[in-house]
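Asker: Below is one structure. I have some questions about it.
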Amino acid sequence: MQRRTLFKLLAGVGAATVFATQFAAPAAAADVVNLKVGVTGGPHAQIFDEVKKVAAKDGLNIKVIEFSDYVQPNAALSSGDLDANSYQHQPYLDAQVKDRGYKLESVAKTVIFPMGIYSKKIKSLADLKSGDKVSLPNDPTNGGRALLLLQKQGLIKLRADAGLKATPIDVIGNPKKLKFVELDAAQLPRSLDDVAVAVINTNFAMEAGLNPKRDSIAIEDASGPYANVLVVRTADKNKPWVAKLIKAYHSPEVKAFIEKKFGGSVVTAW
């Protein structure tokens, strides 16, 4: 009798354990939030692979989706194909929201990529000759950013009110009669064989194997207005997963990864 009673008790405990496990599993699964985050290739993708690891500890299951241009990640986020993106600075986002009517908002600063000037043909900007070609991004804010860098280097003068949206039309002083070649930002590294210098966003420069600190012949001050941002739809900005995503990005683990991986070519903005 005692053995039978003990067996029944053990069987009851086993059944209770199975019962509890069966009903606990869905609850645990329900706590996991699946997210799709858009990035551009190179540093943004590498950083978010690290963010993904940290965020998983807080119940976020992130799928990182890479894009090869600056236009599609915002279009995909606006349409609901993404939950967030991390690839653009605030002036670019502002221009996209204004021009396309997107209901998107930045929720946190991420990193700064100082824009650089690169060349395969000259060692110094002083070596530029009259009529040399200069390639730069063809999107409004990054094109303006490139022109402002050229102005800071003393190569051109822009209209006083041109600001961040400057285009070659706003160039009012061009002593060397430089010729501007506007290209998609991702194509700029390939243009180095055909132009005297190219003004390239750091993420695309690094993706092409260029080191901003070593290979650029001039580079932006990292304290400018071009901090990159984490972006979500306006309707989602107060959802709990957004706070968790920011927490993961701003974690000590991610900061340490950025400092070690990029050696100062990419700077944290928080």
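Order determines the names: the first chain of the structure tokens is A, the second B, and so forth; residues in each chain are numbered 1 upward, and ligands are numbered 1 upward as they are shown.
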Check which residues of segment 83-141 of chain A sit at most 9 Å from segment 252-269 of chain A using only C-alpha atoms, and return one row each with the closest pair of atoms and their distance in Å to one decimal, ordered by chain and rising number, as CSV.
Answerer:
residue,atom,partner,partner_atom,distance
A:Lys109,CA,A:Ala269,CA,5.9
A:Thr110,CA,A:Ala269,CA,5.4
A:Val111,CA,A:Thr268,CA,4.4
A:Ile112,CA,A:Val267,CA,5.1
A:Phe113,CA,A:Val266,CA,5.2
A:Pro114,CA,A:Val266,CA,7.4
Asker: What are the nearest atom pairs, with distances in Å to one decimal, for all residues of segment 129-173 of chain A that come at most 12 Å from segment 62-69 of chain A, using only C-alpha atoms, set out by chain and rising residue number as CSV?
Answerer:
residue,atom,partner,partner_atom,distance
A:Pro137,CA,A:Asp69,CA,11.2
A:Asn138,CA,A:Asp69,CA,11.5
A:Asp139,CA,A:Asp69,CA,10.4
Asker: Hey, can you spit out that residue selection with N, CA, C and O atoms as an mmCIF file, in the first residue's frame?
Answerer:
data_model
loop_
_atom_site.group_PDB
_atom_site.id
_atom_site.type_symbol
_atom_site.label_atom_id
_atom_site.label_comp_id
_atom_site.auth_asym_id
_atom_site.auth_seq_id
_atom_site.Cartn_x
_atom_site.Cartn_y
_atom_site.Cartn_z
ATOM 1 N N PRO A 137 27.264 63.009 -52.575
ATOM 2 C CA PRO A 137 25.945 62.367 -52.534
ATOM 3 C C PRO A 137 24.887 63.198 -53.249
ATOM 4 O O PRO A 137 24.921 64.431 -53.218
ATOM 5 N N ASN A 138 23.919 62.503 -53.867
ATOM 6 C CA ASN A 138 22.876 63.224 -54.599
ATOM 7 C C ASN A 138 21.603 63.435 -53.792
ATOM 8 O O ASN A 138 20.642 64.005 -54.299
ATOM 9 N N ASP A 139 21.555 62.950 -52.522
ATOM 10 C CA ASP A 139 20.356 63.216 -51.720
ATOM 11 C C ASP A 139 20.506 64.571 -51.046
ATOM 12 O O ASP A 139 21.621 65.023 -50.765
#
Asker: With DSSP run on the backbone, what are the helix (DSSP H, G or I) residues within segment 68-269 of chain A? I'd like them as a ChimeraX atom specification.
Answerer: /A:72-79,90-100,125-127,140-152,163-165,168-170,185-193,202-207,212-215,234-236,240-249,252-262
Asker: In Å to one decimal, how far is atom CA of Leu149 of chain A from atom CA of Pro175 of chain A?
Answerer: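 So the answer is 15.9 Å.
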Asker: When distances are computed from only C-alpha atoms, which of A:Ala75, A:Ala160, A:Leu128, A:Leu93 shows the smallest separation from Pro140 of chain A?
Answerer: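 Among the listed residues, the smallest separation from Pro140 of chain A belongs to A:Leu93.
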Asker: Could you pull out all residues of segment 101-246 of chain A with a DSSP call of strand (DSSP E) and give them as a ChimeraX atom specification?
Answerer: /A:104-109,111-112,116-118,133-137,157-158,171-173,179-183,197-200,218-219,228-233
Asker: From the set A:Asn211, A:Ala186, A:Asn142, A:Ser78, which residue has the shortest atom-to-atom contact distance to Lys103 of chain A, counting only C-alpha atoms?
Answerer: A:Ser78
Asker: Can you work out the spacing between atom CA of Asp170 of chain A and atom CA of Asp94 of chain A in Å, to one decimal?
Answerer: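 Straight-line distance from atom CA of Asp170 of chain A to atom CA of Asp94 of chain A works out to 20.5 Å.
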Asker: Would you compute the distance between atom CA of Asp31 of chain A and atom CA of Ala84 of chain A? Give it in Å to one decimal.
Answerer: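 For atom CA of Asp31 of chain A relative to atom CA of Ala84 of chain A, the distance reads 19.1 Å.
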Asker: Which neighbours of Lys57 of chain A fall inside 12 Å, counting only C-alpha atoms, when residues of the same chain fewer than 3 positions from it are skipped, and could you give them as a ChimeraX atom specification?
Answerer: /A:31-33,50-54,60-62,244-245,247-248,251
Asker: Using all heavy atoms, can you export the residues from the last selection as a compact mmCIF listing (two decimals), in the first residue's frame?
Answerer:
# COMPACT_ATOMS: atom_id res chain seq x y z
N ASP A 31 5.62 36.81 -24.14
CA ASP A 31 6.44 37.93 -23.67
C ASP A 31 7.49 38.35 -24.69
O ASP A 31 8.07 39.42 -24.58
CB ASP A 31 7.16 37.54 -22.36
CG ASP A 31 6.18 37.41 -21.20
OD1 ASP A 31 5.09 38.00 -21.31
OD2 ASP A 31 6.51 36.72 -20.22
N VAL A 32 7.77 37.52 -25.69
CA VAL A 32 8.76 37.84 -26.71
C VAL A 32 8.13 38.74 -27.77
O VAL A 32 7.04 38.47 -28.27
CB VAL A 32 9.32 36.57 -27.37
CG1 VAL A 32 10.25 36.92 -28.52
CG2 VAL A 32 10.04 35.71 -26.34
N VAL A 33 8.83 39.84 -28.12
CA VAL A 33 8.35 40.76 -29.15
C VAL A 33 9.25 40.59 -30.37
O VAL A 33 10.47 40.75 -30.28
CB VAL A 33 8.38 42.22 -28.67
CG1 VAL A 33 7.94 43.16 -29.78
CG2 VAL A 33 7.51 42.40 -27.44
N GLU A 50 25.02 43.51 -32.75
CA GLU A 50 25.38 43.52 -31.33
C GLU A 50 24.18 43.93 -30.48
O GLU A 50 23.93 43.36 -29.42
CB GLU A 50 26.56 44.47 -31.09
CG GLU A 50 27.27 44.29 -29.77
CD GLU A 50 28.01 42.97 -29.65
OE1 GLU A 50 28.31 42.36 -30.70
OE2 GLU A 50 28.29 42.54 -28.51
N VAL A 51 23.44 44.94 -30.95
CA VAL A 51 22.22 45.38 -30.24
C VAL A 51 21.25 44.20 -30.13
O VAL A 51 20.62 44.00 -29.08
CB VAL A 51 21.55 46.55 -30.99
CG1 VAL A 51 20.20 46.89 -30.35
CG2 VAL A 51 22.45 47.77 -31.00
N LYS A 52 21.16 43.42 -31.18
CA LYS A 52 20.26 42.26 -31.21
C LYS A 52 20.56 41.30 -30.08
O LYS A 52 19.64 40.79 -29.41
CB LYS A 52 20.41 41.57 -32.57
CG LYS A 52 19.62 40.29 -32.73
CD LYS A 52 19.84 39.70 -34.12
CE LYS A 52 19.11 38.38 -34.27
NZ LYS A 52 19.28 37.84 -35.65
N LYS A 53 21.83 41.06 -29.81
CA LYS A 53 22.23 40.13 -28.74
C LYS A 53 21.80 40.67 -27.38
O LYS A 53 21.30 39.93 -26.53
CB LYS A 53 23.75 39.93 -28.75
CG LYS A 53 24.29 39.29 -30.00
CD LYS A 53 25.82 39.26 -29.96
CE LYS A 53 26.41 38.82 -31.28
NZ LYS A 53 27.89 38.90 -31.26
N VAL A 54 22.02 41.95 -27.15
CA VAL A 54 21.67 42.56 -25.87
C VAL A 54 20.15 42.60 -25.70
O VAL A 54 19.62 42.29 -24.64
CB VAL A 54 22.26 43.98 -25.75
CG1 VAL A 54 21.85 44.63 -24.43
CG2 VAL A 54 23.79 43.93 -25.86
N LEU A 60 13.30 40.88 -26.72
CA LEU A 60 13.14 41.36 -28.09
C LEU A 60 13.85 40.41 -29.05
O LEU A 60 15.05 40.16 -28.92
CB LEU A 60 13.72 42.77 -28.25
CG LEU A 60 13.14 43.87 -27.36
CD1 LEU A 60 13.74 45.22 -27.73
CD2 LEU A 60 11.62 43.92 -27.45
N ASN A 61 13.11 39.89 -30.00
CA ASN A 61 13.68 39.02 -31.03
C ASN A 61 13.78 39.83 -32.31
O ASN A 61 12.78 40.08 -32.99
CB ASN A 61 12.78 37.79 -31.23
CG ASN A 61 13.30 36.88 -32.32
OD1 ASN A 61 14.51 36.71 -32.47
ND2 ASN A 61 12.40 36.30 -33.09
N ILE A 62 14.99 40.28 -32.64
CA ILE A 62 15.18 41.24 -33.73
C ILE A 62 15.70 40.56 -34.99
O ILE A 62 16.67 39.80 -34.95
CB ILE A 62 16.16 42.36 -33.30
CG1 ILE A 62 15.58 43.14 -32.12
CG2 ILE A 62 16.44 43.29 -34.47
CD1 ILE A 62 16.55 44.15 -31.54
N LYS A 244 12.77 49.40 -24.59
CA LYS A 244 13.70 48.28 -24.47
C LYS A 244 14.77 48.32 -25.57
O LYS A 244 15.94 48.00 -25.34
CB LYS A 244 12.94 46.95 -24.53
CG LYS A 244 12.09 46.66 -23.31
CD LYS A 244 11.40 45.31 -23.43
CE LYS A 244 10.57 44.98 -22.20
NZ LYS A 244 9.92 43.65 -22.31
N LEU A 245 14.35 48.72 -26.77
CA LEU A 245 15.28 48.79 -27.89
C LEU A 245 16.33 49.90 -27.65
O LEU A 245 17.52 49.70 -27.90
CB LEU A 245 14.52 49.06 -29.19
CG LEU A 245 15.31 48.97 -30.49
CD1 LEU A 245 15.94 47.60 -30.65
CD2 LEU A 245 14.40 49.28 -31.68
N LYS A 247 17.24 51.03 -24.71
CA LYS A 247 18.07 50.53 -23.60
C LYS A 247 19.17 49.60 -24.11
O LYS A 247 20.33 49.69 -23.69
CB LYS A 247 17.18 49.80 -22.60
CG LYS A 247 17.93 49.16 -21.43
CD LYS A 247 16.97 48.35 -20.56
CE LYS A 247 17.70 47.52 -19.52
NZ LYS A 247 16.76 46.63 -18.77
N ALA A 248 18.81 48.72 -25.05
CA ALA A 248 19.80 47.79 -25.61
C ALA A 248 20.86 48.53 -26.40
O ALA A 248 22.05 48.25 -26.29
CB ALA A 248 19.09 46.75 -26.48
N SER A 251 23.36 50.42 -24.27
CA SER A 251 23.97 49.58 -23.23
C SER A 251 25.49 49.69 -23.23
O SER A 251 26.11 50.02 -24.26
CB SER A 251 23.58 48.11 -23.45
OG SER A 251 24.16 47.63 -24.65
Asker: Which neighbours of Val107 of chain A fall inside 9 Å, counting only C-alpha atoms, when residues of the same chain fewer than 5 positions from it are skipped, and could you give them as a PyMOL selection string?
Answerer: chain A and resi 229-232+237+242-243+246
Asker: Hey, can you spit out that residue selection with N, CA and C atoms as a compact mmCIF listing (two decimals), in the first residue's frame?
Answerer:
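What landed in part_30.txt:
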# COMPACT_ATOMS: atom_id res chain seq x y z
N VAL A 229 20.11 58.52 -35.81
CA VAL A 229 18.99 58.34 -34.89
C VAL A 229 18.29 57.00 -35.12
N LEU A 230 17.67 56.52 -34.06
CA LEU A 230 16.80 55.34 -34.11
C LEU A 230 15.39 55.85 -34.39
N VAL A 231 14.73 55.28 -35.40
CA VAL A 231 13.46 55.84 -35.88
C VAL A 231 12.35 54.78 -35.85
N VAL A 232 11.17 55.20 -35.41
CA VAL A 232 9.98 54.34 -35.41
C VAL A 232 8.81 55.14 -35.96
N LYS A 237 5.82 55.09 -30.91
CA LYS A 237 6.94 55.63 -30.12
C LYS A 237 6.83 55.39 -28.61
N VAL A 242 9.89 49.90 -27.59
CA VAL A 242 10.76 50.99 -28.03
C VAL A 242 11.76 51.35 -26.92
N ALA A 243 11.27 51.46 -25.70
CA ALA A 243 12.15 51.75 -24.57
C ALA A 243 13.19 50.64 -24.39
N ILE A 246 15.88 51.03 -27.14
CA ILE A 246 16.80 52.13 -26.80
C ILE A 246 17.77 51.69 -25.71
Asker: Quick one: residues within 12 Å of Asn74 of chain A, only C-alpha atoms counted, chain neighbours fewer than 5 positions away excluded, as an MDAnalysis selection string?
Answerer: chainID A and resid 37:40 67 69 79:88 92:97 100:106 230:233
Asker: Got a sec: who's within 9 Å of Glu207 of chain A, counting only C-alpha atoms, leaving out chain neighbours fewer than 3 positions off, as a list in words?
Answerer: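 Here the answer would be Gly41, Gly42, Pro43, Thr202, Asn203, Phe204 and Leu210 of chain A.
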